[in-house]
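Text of the file query-v3.txt, holding compact mmCIF, C-alpha atoms:
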# COMPACT_ATOMS: atom_id res chain seq x y z
CA MET A 1 -19.04 5.77 18.53
CA TRP A 2 -19.04 3.23 21.36
CA HIS A 3 -16.40 0.50 21.34
CA LYS A 4 -19.19 -2.05 21.42
CA LYS A 5 -21.01 -0.52 18.48
CA ILE A 6 -17.86 -0.55 16.37
CA PHE A 7 -17.11 -4.11 17.39
CA LEU A 8 -20.65 -5.17 16.52
CA LYS A 9 -20.33 -3.55 13.14
CA ALA A 10 -17.08 -5.40 12.46
CA PHE A 11 -18.53 -8.64 13.79
CA THR A 12 -21.69 -8.50 11.66
CA LEU A 13 -19.63 -7.84 8.58
CA SER A 14 -17.30 -10.72 9.39
CA ILE A 15 -20.09 -13.32 9.79
CA PRO A 16 -20.06 -14.39 6.13
CA ILE A 17 -16.30 -14.85 6.34
CA CYS A 18 -16.76 -16.87 9.51
CA ILE A 19 -19.06 -19.16 7.52
CA ALA A 20 -16.31 -19.68 4.94
CA TYR A 21 -13.10 -19.62 6.97
CA LEU A 22 -14.16 -21.54 10.08
CA PRO A 23 -15.07 -24.76 8.21
CA LEU A 24 -12.08 -24.34 5.93
CA GLY A 25 -9.90 -24.02 9.03
CA VAL A 26 -11.49 -27.19 10.39
CA VAL A 27 -10.60 -28.98 7.15
CA PHE A 28 -7.04 -27.73 7.42
CA GLY A 29 -6.82 -28.82 11.05
CA LEU A 30 -8.14 -32.23 10.08
CA VAL A 31 -5.69 -32.69 7.22
CA PHE A 32 -2.88 -31.43 9.42
CA GLU A 33 -3.76 -33.91 12.12
CA ASN A 34 -3.98 -36.73 9.60
CA GLU A 35 -0.49 -35.98 8.35
CA GLY A 36 0.67 -36.78 11.84
CA TYR A 37 2.46 -33.62 12.89
CA TYR A 38 2.44 -32.35 16.44
CA TRP A 39 -1.01 -30.83 16.75
CA LEU A 40 0.10 -27.45 18.11
CA LEU A 41 2.04 -26.69 14.92
CA GLY A 42 -1.26 -26.49 13.05
CA PRO A 43 -2.67 -23.46 14.88
CA VAL A 44 0.83 -21.96 14.96
CA MET A 45 0.91 -22.24 11.19
CA SER A 46 -2.52 -20.64 10.93
CA LEU A 47 -1.33 -17.85 13.19
CA LEU A 48 2.00 -17.09 11.54
CA VAL A 49 1.46 -18.00 7.91
CA TYR A 50 -2.24 -17.07 7.73
CA GLY A 51 -2.96 -18.25 4.22
CA GLY A 52 -5.26 -21.13 3.37
CA ALA A 53 -3.86 -21.93 -0.06
CA VAL A 54 -0.26 -21.72 1.10
CA GLN A 55 -0.90 -23.90 4.14
CA PHE A 56 -2.66 -26.60 2.16
CA LEU A 57 -0.01 -26.53 -0.54
CA THR A 58 2.76 -26.91 2.03
CA LEU A 59 1.15 -29.98 3.56
CA SER A 60 0.62 -31.50 0.16
CA MET A 61 4.18 -30.87 -0.99
CA LEU A 62 5.65 -32.19 2.26
CA ASP A 63 3.55 -35.30 1.80
CA GLN A 64 5.04 -35.75 -1.66
CA GLY A 65 8.51 -35.41 -0.22
CA GLN A 66 9.35 -32.16 -1.98
CA GLY A 67 12.37 -30.17 -0.86
CA THR A 68 12.24 -27.07 1.33
CA ILE A 69 13.37 -24.69 -1.41
CA GLN A 70 10.71 -25.96 -3.84
CA ILE A 71 8.05 -25.54 -1.19
CA LEU A 72 9.17 -21.99 -0.42
CA ILE A 73 9.22 -20.99 -4.07
CA ALA A 74 5.81 -22.51 -4.80
CA CYS A 75 4.27 -20.88 -1.72
CA PHE A 76 5.84 -17.54 -2.54
CA LEU A 77 4.37 -17.59 -6.03
CA LEU A 78 1.00 -18.50 -4.57
CA ALA A 79 1.17 -15.73 -1.97
CA VAL A 80 2.56 -13.03 -4.24
CA ARG A 81 -0.95 -11.83 -5.14
CA ASN A 82 -1.12 -10.36 -1.61
CA LEU A 83 1.56 -7.95 -2.77
CA PHE A 84 -1.04 -6.06 -4.76
CA TYR A 85 -3.39 -5.61 -1.82
CA GLY A 86 -1.46 -3.12 0.29
CA SER A 87 -1.56 -0.23 -2.16
CA ALA A 88 -5.27 0.33 -1.57
CA PHE A 89 -4.72 1.24 2.08
CA PHE A 90 -1.83 3.71 2.15
CA THR A 91 -4.02 6.58 3.33
CA ARG A 92 -6.39 4.59 5.46
CA PHE A 93 -3.68 2.89 7.51
CA SER A 94 -1.44 5.96 7.74
CA THR A 95 -3.16 7.33 10.84
CA PHE A 96 -3.13 4.07 12.77
CA SER A 97 -0.81 3.40 15.66
CA LYS A 98 2.34 1.46 14.74
CA LEU A 99 1.17 -1.82 16.25
CA THR A 100 -2.26 -1.65 14.63
CA ARG A 101 -0.74 -0.76 11.29
CA ILE A 102 1.72 -3.63 11.41
CA TYR A 103 -0.97 -6.12 12.30
CA MET A 104 -3.43 -4.84 9.69
CA ILE A 105 -0.82 -5.10 6.93
CA PHE A 106 -0.07 -8.66 7.98
CA ALA A 107 -3.79 -9.46 8.13
CA LEU A 108 -4.40 -8.47 4.49
CA VAL A 109 -5.73 -11.74 3.19
CA ASP A 110 -8.35 -12.00 0.43
CA ALA A 111 -11.36 -11.76 2.71
CA THR A 112 -10.07 -8.93 4.94
CA TYR A 113 -8.92 -7.03 1.85
CA ALA A 114 -12.36 -7.43 0.29
CA LEU A 115 -14.31 -6.39 3.38
CA LEU A 116 -12.11 -3.37 4.07
CA LEU A 117 -12.64 -2.22 0.49
CA ALA A 118 -16.37 -2.69 0.88
CA THR A 119 -16.58 -0.56 4.02
CA PRO A 120 -15.79 3.14 3.68
CA SER A 121 -13.71 4.67 6.48
CA LEU A 122 -15.66 5.44 9.60
CA LYS A 123 -16.28 9.05 10.55
CA THR A 124 -13.37 9.47 12.95
CA LYS A 125 -9.93 8.04 12.33
CA LYS A 126 -9.85 6.53 15.81
CA ASP A 127 -13.13 4.73 15.16
CA ASP A 128 -11.91 3.51 11.81
CA GLU A 129 -8.75 2.16 13.41
CA LYS A 130 -10.80 0.19 15.93
CA PHE A 131 -13.12 -1.09 13.23
CA CYS A 132 -10.26 -2.30 11.03
CA ILE A 133 -8.38 -4.04 13.81
CA TYR A 134 -11.54 -5.73 15.10
CA LEU A 135 -12.34 -6.95 11.60
CA GLY A 136 -8.81 -8.14 10.92
CA LEU A 137 -8.51 -9.93 14.24
CA LEU A 138 -11.91 -11.59 14.01
CA ILE A 139 -11.16 -13.11 10.63
CA HIS A 140 -7.72 -14.26 11.76
CA VAL A 141 -9.27 -15.79 14.87
CA TYR A 142 -11.90 -17.66 12.84
CA TRP A 143 -9.10 -19.22 10.83
CA ILE A 144 -7.03 -20.19 13.89
CA VAL A 145 -10.01 -21.48 15.88
CA GLY A 146 -11.12 -23.54 12.89
CA THR A 147 -7.67 -25.11 12.74
CA VAL A 148 -7.74 -25.95 16.43
CA ILE A 149 -11.20 -27.50 16.20
CA GLY A 150 -10.21 -29.48 13.13
CA ALA A 151 -7.03 -30.75 14.72
CA MET A 152 -8.79 -31.81 17.90
CA PHE A 153 -12.29 -32.86 16.91
CA GLY A 154 -12.31 -32.95 13.13
CA ASN A 155 -13.35 -36.56 12.92
CA LEU A 156 -16.53 -35.89 14.82
CA ILE A 157 -17.80 -33.00 12.74
CA PRO A 158 -20.22 -33.69 9.87
CA GLU A 159 -19.24 -31.83 6.77
CA ILE A 160 -21.60 -29.33 5.22
CA HIS A 161 -20.81 -29.27 1.55
CA GLY A 162 -20.81 -26.00 -0.36
CA LEU A 163 -19.97 -23.28 2.15
CA ASN A 164 -17.13 -22.08 -0.07
CA ILE A 165 -19.61 -20.33 -2.32
CA VAL A 166 -19.57 -17.47 0.18
CA LEU A 167 -16.23 -16.22 -1.13
CA PRO A 168 -17.01 -15.83 -4.86
CA VAL A 169 -20.39 -14.33 -3.93
CA LEU A 170 -18.72 -11.78 -1.66
CA PHE A 171 -16.21 -10.80 -4.33
CA LEU A 172 -18.99 -10.51 -6.91
CA ILE A 173 -20.98 -8.12 -4.73
CA ILE A 174 -17.93 -5.95 -4.11
CA THR A 175 -17.12 -5.94 -7.81
CA LEU A 176 -20.66 -4.75 -8.55
CA GLU A 177 -20.25 -2.02 -5.96
CA HIS A 178 -17.00 -0.88 -7.54
CA TYR A 179 -18.58 -0.81 -10.96
CA THR A 180 -21.63 1.16 -9.88
CA LYS A 181 -19.29 3.71 -8.27
CA SER A 182 -16.73 4.01 -11.03
CA LYS A 183 -18.94 3.37 -14.08
CA LYS A 184 -15.82 2.12 -15.84
CA LEU A 185 -16.18 -1.18 -17.64
CA TRP A 186 -12.79 -1.45 -19.31
CA PRO A 187 -10.80 -2.56 -16.22
CA PHE A 188 -13.13 -5.57 -15.90
CA ALA A 189 -12.93 -6.28 -19.61
CA ILE A 190 -9.12 -6.44 -19.60
CA ALA A 191 -9.18 -8.46 -16.37
CA MET A 192 -11.46 -11.04 -17.96
CA LEU A 193 -9.35 -11.25 -21.10
CA ALA A 194 -6.19 -11.54 -19.02
CA TRP A 195 -7.78 -14.33 -16.97
CA PHE A 196 -8.72 -16.44 -19.96
CA PHE A 197 -5.36 -15.79 -21.55
CA MET A 198 -3.62 -17.07 -18.40
CA GLN A 199 -5.95 -20.07 -18.21
CA TYR A 200 -4.80 -20.96 -21.69
CA MET A 201 -1.10 -20.28 -21.18
CA LEU A 202 -0.30 -21.15 -17.56
CA PRO A 203 -3.39 -22.02 -15.49
CA SER A 204 -1.51 -22.71 -12.27
CA TYR A 205 -0.51 -19.07 -11.99
CA ALA A 206 -3.68 -17.69 -13.48
CA LEU A 207 -4.45 -15.21 -10.70
CA VAL A 208 -1.04 -13.59 -10.39
CA GLY A 209 -0.49 -13.64 -14.14
CA ALA A 210 -3.86 -12.06 -14.78
CA ILE A 211 -3.19 -9.33 -12.20
CA VAL A 212 0.17 -8.54 -13.79
CA ILE A 213 -1.16 -8.57 -17.36
CA SER A 214 -4.18 -6.45 -16.38
CA SER A 215 -1.92 -3.94 -14.62
CA LEU A 216 0.42 -3.63 -17.59
CA THR A 217 -2.48 -3.32 -20.03
CA ALA A 218 -4.09 -0.75 -17.73
CA ILE A 219 -0.87 1.29 -17.75
CA VAL A 220 -0.91 1.36 -21.55
CA ILE A 221 -4.59 2.24 -21.73
CA LEU A 222 -4.30 4.94 -19.05
CA LYS A 223 -1.34 6.49 -20.86
CA LEU A 224 -3.48 6.69 -24.00
CA ILE A 225 -6.41 8.14 -22.07
CA ASN A 226 -4.14 10.72 -20.44
CA LYS A 227 -2.69 11.71 -23.81
CA THR A 228 -6.11 12.15 -25.42
CA ASP A 229 -7.31 14.14 -22.42
CA ALA A 230 -4.32 16.48 -22.72
CA LYS A 231 -4.96 16.91 -26.45
CA ASN A 232 -8.64 17.61 -25.93
CA ILE A 233 -7.90 20.33 -23.43
CA ASN A 234 -5.84 22.11 -26.08
CA ASN A 235 -8.59 21.79 -28.64
CA LEU A 236 -11.36 23.27 -26.52
CA GLU A 237 -13.12 26.34 -27.84
CA PRO A 238 -12.63 29.46 -25.74
CA PRO A 239 -15.61 30.05 -23.45
CA ASP A 240 -18.36 32.40 -24.58
CA LYS A 241 -17.99 35.92 -23.38
CA ILE A 242 -19.77 36.59 -20.15
CA ILE A 243 -21.84 39.71 -20.46
CA MET B 1 1.05 -42.11 10.89
CA THR B 2 2.91 -40.03 13.43
CA MET B 3 5.72 -37.81 12.35
CA THR B 4 9.16 -38.01 13.84
CA TYR B 5 10.67 -35.24 15.93
CA ALA B 6 12.83 -34.38 12.93
CA SER B 7 9.91 -33.89 10.55
CA ASN B 8 8.15 -31.73 13.10
CA LEU B 9 11.28 -29.62 13.40
CA HIS B 10 11.43 -29.43 9.62
CA LEU B 11 7.83 -28.25 9.53
CA LEU B 12 8.60 -25.65 12.17
CA LEU B 13 11.48 -24.37 10.06
CA ILE B 14 9.22 -24.15 7.04
CA ILE B 15 6.56 -22.33 9.06
CA ALA B 16 9.17 -19.78 10.18
CA LEU B 17 10.38 -19.27 6.60
CA LEU B 18 6.82 -18.93 5.31
CA PHE B 19 6.17 -16.39 8.07
CA PHE B 20 9.01 -14.22 6.79
CA SER B 21 7.84 -14.76 3.25
CA ALA B 22 4.35 -13.59 4.21
CA ILE B 23 5.80 -10.49 5.85
CA LEU B 24 7.89 -9.75 2.77
CA VAL B 25 4.98 -10.08 0.41
CA ARG B 26 2.43 -8.15 2.45
CA PHE B 27 4.66 -5.31 3.64
CA PHE B 28 6.47 -4.73 0.36
CA PRO B 29 3.98 -2.20 -1.10
CA PHE B 30 4.32 -0.09 2.05
CA TRP B 31 8.11 -0.05 1.72
CA VAL B 32 7.82 1.30 -1.82
CA LYS B 33 4.85 3.50 -1.03
CA SER B 34 6.52 6.50 -2.67
CA TRP B 35 6.42 4.78 -6.07
CA PHE B 36 2.62 4.80 -5.90
CA GLU B 37 2.13 8.25 -4.50
CA ARG B 38 3.83 10.24 -7.21
CA PRO B 39 1.08 11.48 -9.52
CA GLY B 40 1.07 9.58 -12.76
CA VAL B 41 0.01 6.35 -14.36
CA ILE B 42 1.13 4.17 -11.45
CA LYS B 43 -1.14 6.03 -9.08
CA GLN B 44 -4.07 5.70 -11.48
CA VAL B 45 -3.46 1.98 -11.87
CA GLY B 46 -3.34 1.69 -8.08
CA ALA B 47 -6.79 3.25 -8.01
CA ILE B 48 -8.39 0.69 -10.31
CA LEU B 49 -6.33 -2.25 -9.09
CA PRO B 50 -8.77 -3.22 -6.29
CA SER B 51 -11.62 -3.52 -8.81
CA ILE B 52 -9.50 -5.72 -11.06
CA ILE B 53 -8.36 -7.91 -8.17
CA MET B 54 -11.90 -8.33 -6.78
CA PHE B 55 -13.14 -9.34 -10.19
CA LEU B 56 -10.31 -11.84 -10.70
CA LEU B 57 -10.85 -13.30 -7.25
CA ILE B 58 -14.35 -14.34 -8.35
CA PHE B 59 -12.91 -16.45 -11.14
CA HIS B 60 -10.10 -17.69 -8.89
CA ASN B 61 -12.55 -18.99 -6.32
CA LEU B 62 -14.58 -20.73 -9.01
CA GLU B 63 -11.58 -22.53 -10.45
CA ASN B 64 -12.52 -25.89 -9.00
CA VAL B 65 -15.99 -25.86 -10.48
CA VAL B 66 -16.50 -28.50 -13.15
CA TRP B 67 -18.28 -26.80 -16.03
CA VAL B 68 -18.38 -29.64 -18.53
CA GLU B 69 -19.95 -32.35 -16.40
CA ALA B 70 -23.23 -32.39 -14.52
CA PRO B 71 -24.27 -30.17 -12.79
CA TYR B 72 -22.33 -27.93 -15.24
CA GLY B 73 -21.78 -25.23 -12.64
CA ILE B 74 -25.47 -24.28 -12.74
CA PRO B 75 -25.84 -24.07 -8.91
CA GLU B 76 -22.89 -21.65 -8.81
CA VAL B 77 -24.40 -19.54 -11.57
CA ILE B 78 -27.74 -19.52 -9.75
CA ALA B 79 -26.10 -18.46 -6.49
CA LEU B 80 -24.11 -15.68 -8.15
CA SER B 81 -27.08 -14.37 -10.16
CA CYS B 82 -29.26 -14.41 -7.07
CA ALA B 83 -26.61 -12.46 -5.14
CA ALA B 84 -26.21 -9.93 -7.96
CA VAL B 85 -29.95 -9.33 -8.31
CA LEU B 86 -30.54 -9.09 -4.56
CA TYR B 87 -27.61 -6.74 -4.04
CA LEU B 88 -28.50 -4.41 -6.90
CA TRP B 89 -32.10 -4.34 -5.72
CA ARG B 90 -31.58 -3.91 -1.98
CA LYS B 91 -27.96 -2.71 -1.71
CA ASN B 92 -27.54 -4.93 1.36
CA LEU B 93 -24.38 -7.06 1.41
CA LEU B 94 -25.42 -9.46 4.15
CA LEU B 95 -28.86 -10.04 2.69
CA ALA B 96 -27.51 -10.93 -0.74
CA LEU B 97 -24.81 -13.16 0.78
CA VAL B 98 -26.99 -15.08 3.21
CA VAL B 99 -29.86 -15.69 0.80
CA SER B 100 -27.70 -16.80 -2.12
CA THR B 101 -25.54 -19.01 0.11
CA GLY B 102 -28.63 -20.57 1.64
CA LEU B 103 -30.07 -21.18 -1.80
CA TYR B 104 -26.82 -22.74 -2.98
CA LEU B 105 -26.52 -25.01 0.07
CA ALA B 106 -30.11 -26.16 -0.41
CA ILE B 107 -29.55 -26.94 -4.08
CA VAL B 108 -26.22 -28.66 -3.62
CA ASN B 109 -27.14 -30.70 -0.57
CA TYR B 110 -30.76 -31.60 -1.21
CA LEU B 111 -31.50 -31.31 -4.90
CA ILE B 112 -28.46 -33.03 -6.30
Can you give me the file's structure in the form of structure tokens?
Amino acid sequence: MWHKKIFLKAFTLSIPICIAYLPLGVVFGLVFENEGYYWLLGPVMSLLVYGGAVQFLTLSMLDQGQGTIQILIACFLLAVRNLFYGSAFFTRFSTFSKLTRIYMIFALVDATYALLLATPSLKTKKDDEKFCIYLGLLIHVYWIVGTVIGAMFGNLIPEIHGLNIVLPVLFLIITLEHYTKSKKLWPFAIAMLAWFFMQYMLPSYALVGAIVISSLTAIVILKLINKTDAKNINNLEPPDKII
Amino acid sequence: MTMTYASNLHLLLIIALLFFSAILVRFFPFWVKSWFERPGVIKQVGAILPSIIMFLLIFHNLENVVWVEAPYGIPEVIALSCAAVLYLWRKNLLLALVVSTGLYLAIVNYLI
């Protein structure tokens, strides 16, 4: 496949994320600028930290005068959900060059994670590597460019309300795709229960808590499924004689 | 309000620390890759984990929606249902996304 064709494929797929992340980046840039920091630190933050929630939380906590350690702990807890993303790509990233692999792992934010899951590996490993890095870079660039625009021109841009709906819609579509492929409903059932449980117990850490609870419950359920499968194999009737 | 040189330096320090924190969090699964690759329950959980996370991310991104006051989250429900129907009918990600987002923007900006 042509470089250009692969790039176009990655670009088309990234357009919905551009719609969500570019304006969000602009908002971040604007807030950052309003706080009064040296403008360049904004894009630097978007480059090195690359996490919307974490970046906004940091600004808010600094504004409140919170200490460095508190900020680090809070941001870590917010970012820890990214820990669960890597395991889906062990095989896919294993053939990439070292530099590409390192960048792609760093670039595993919600949107990139979702889009990579939604796109099966391309036919050749080289093509897939190009596709992944183009996708990862594009989304990162949208975020950084948004920050720059927001920091420099934010006051001039009219706000279009409601673009954030792109993200839940994207995740819904991918969830549907996963369900139609796996035909298993129980993972979603325990996820939903875990979510509402966390909303009741500790809403601020709902996402991470729900992931952890779902994983632990899934381990228990899978152990039971594995046990019953093993038992059933022993109980099978011997096959009919083949004449 | 302009920040002092000191607060900018403080921010820079925090950015650096958050950078290392991001690396730690995102690279960690690859450092313990062997835990996941041994056949067993962990590997099976790893296989369904993306589905669970995707599903939870829907709820996570809808956290700020106010369900008990007007408009009661109805525009969001409309957008999500539209996306679901379109996707299941046409199997086209971009189509479902663009149409439901457009619908949502129209409702939220012009009807309310």
Ref. answer, residues at most 12 Å from (-18.6, -9.4, 11.0) with all atoms listed in the file, as a count of residues only: 34
message: Show me, as a PyMOL selection string, every residue of chain B with an atom at most 7 Å from chain A, counting only C-alpha atoms.
response: chain B and resi 1-3+8+15+18-19+21-23+25-30+41+45-46+50-58+60-62+80+83-84+87+97+101+105+108-109
Return as lines of an AutoDock Vina configuration file the box centre and box size in Å, one decimal, for an axis-aligned box around all listed atoms of range 157-163 of chain A padded by 8 Å per side.
center_x = -19.7
center_y = -28.5
center_z = 6.2
size_x = 19.8
size_y = 26.4
size_z = 29.1
- request: Quote the spacing between CA of Thr91 in chain A and CA of Leu24 in chain B in Å to one decimal place.
  value: 20.2 Å
- prompt: By how many Å are CA of Gly209 in chain A and CA of Arg38 in chain B apart?
  reply: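 Separation of CA of Gly209 in chain A and CA of Arg38 in chain B: 25.2 Å.
Rounded to one decimal, CA of Tyr110 in chain B and CA of Tyr21 in chain A lie 22.9 Å from each other.
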field: Ref. answer, residues at most 6 Å from (3.7, 6.1, -4.5) with all atoms listed in the file, as a PyMOL selection string
entry: chain B and resi 33-38
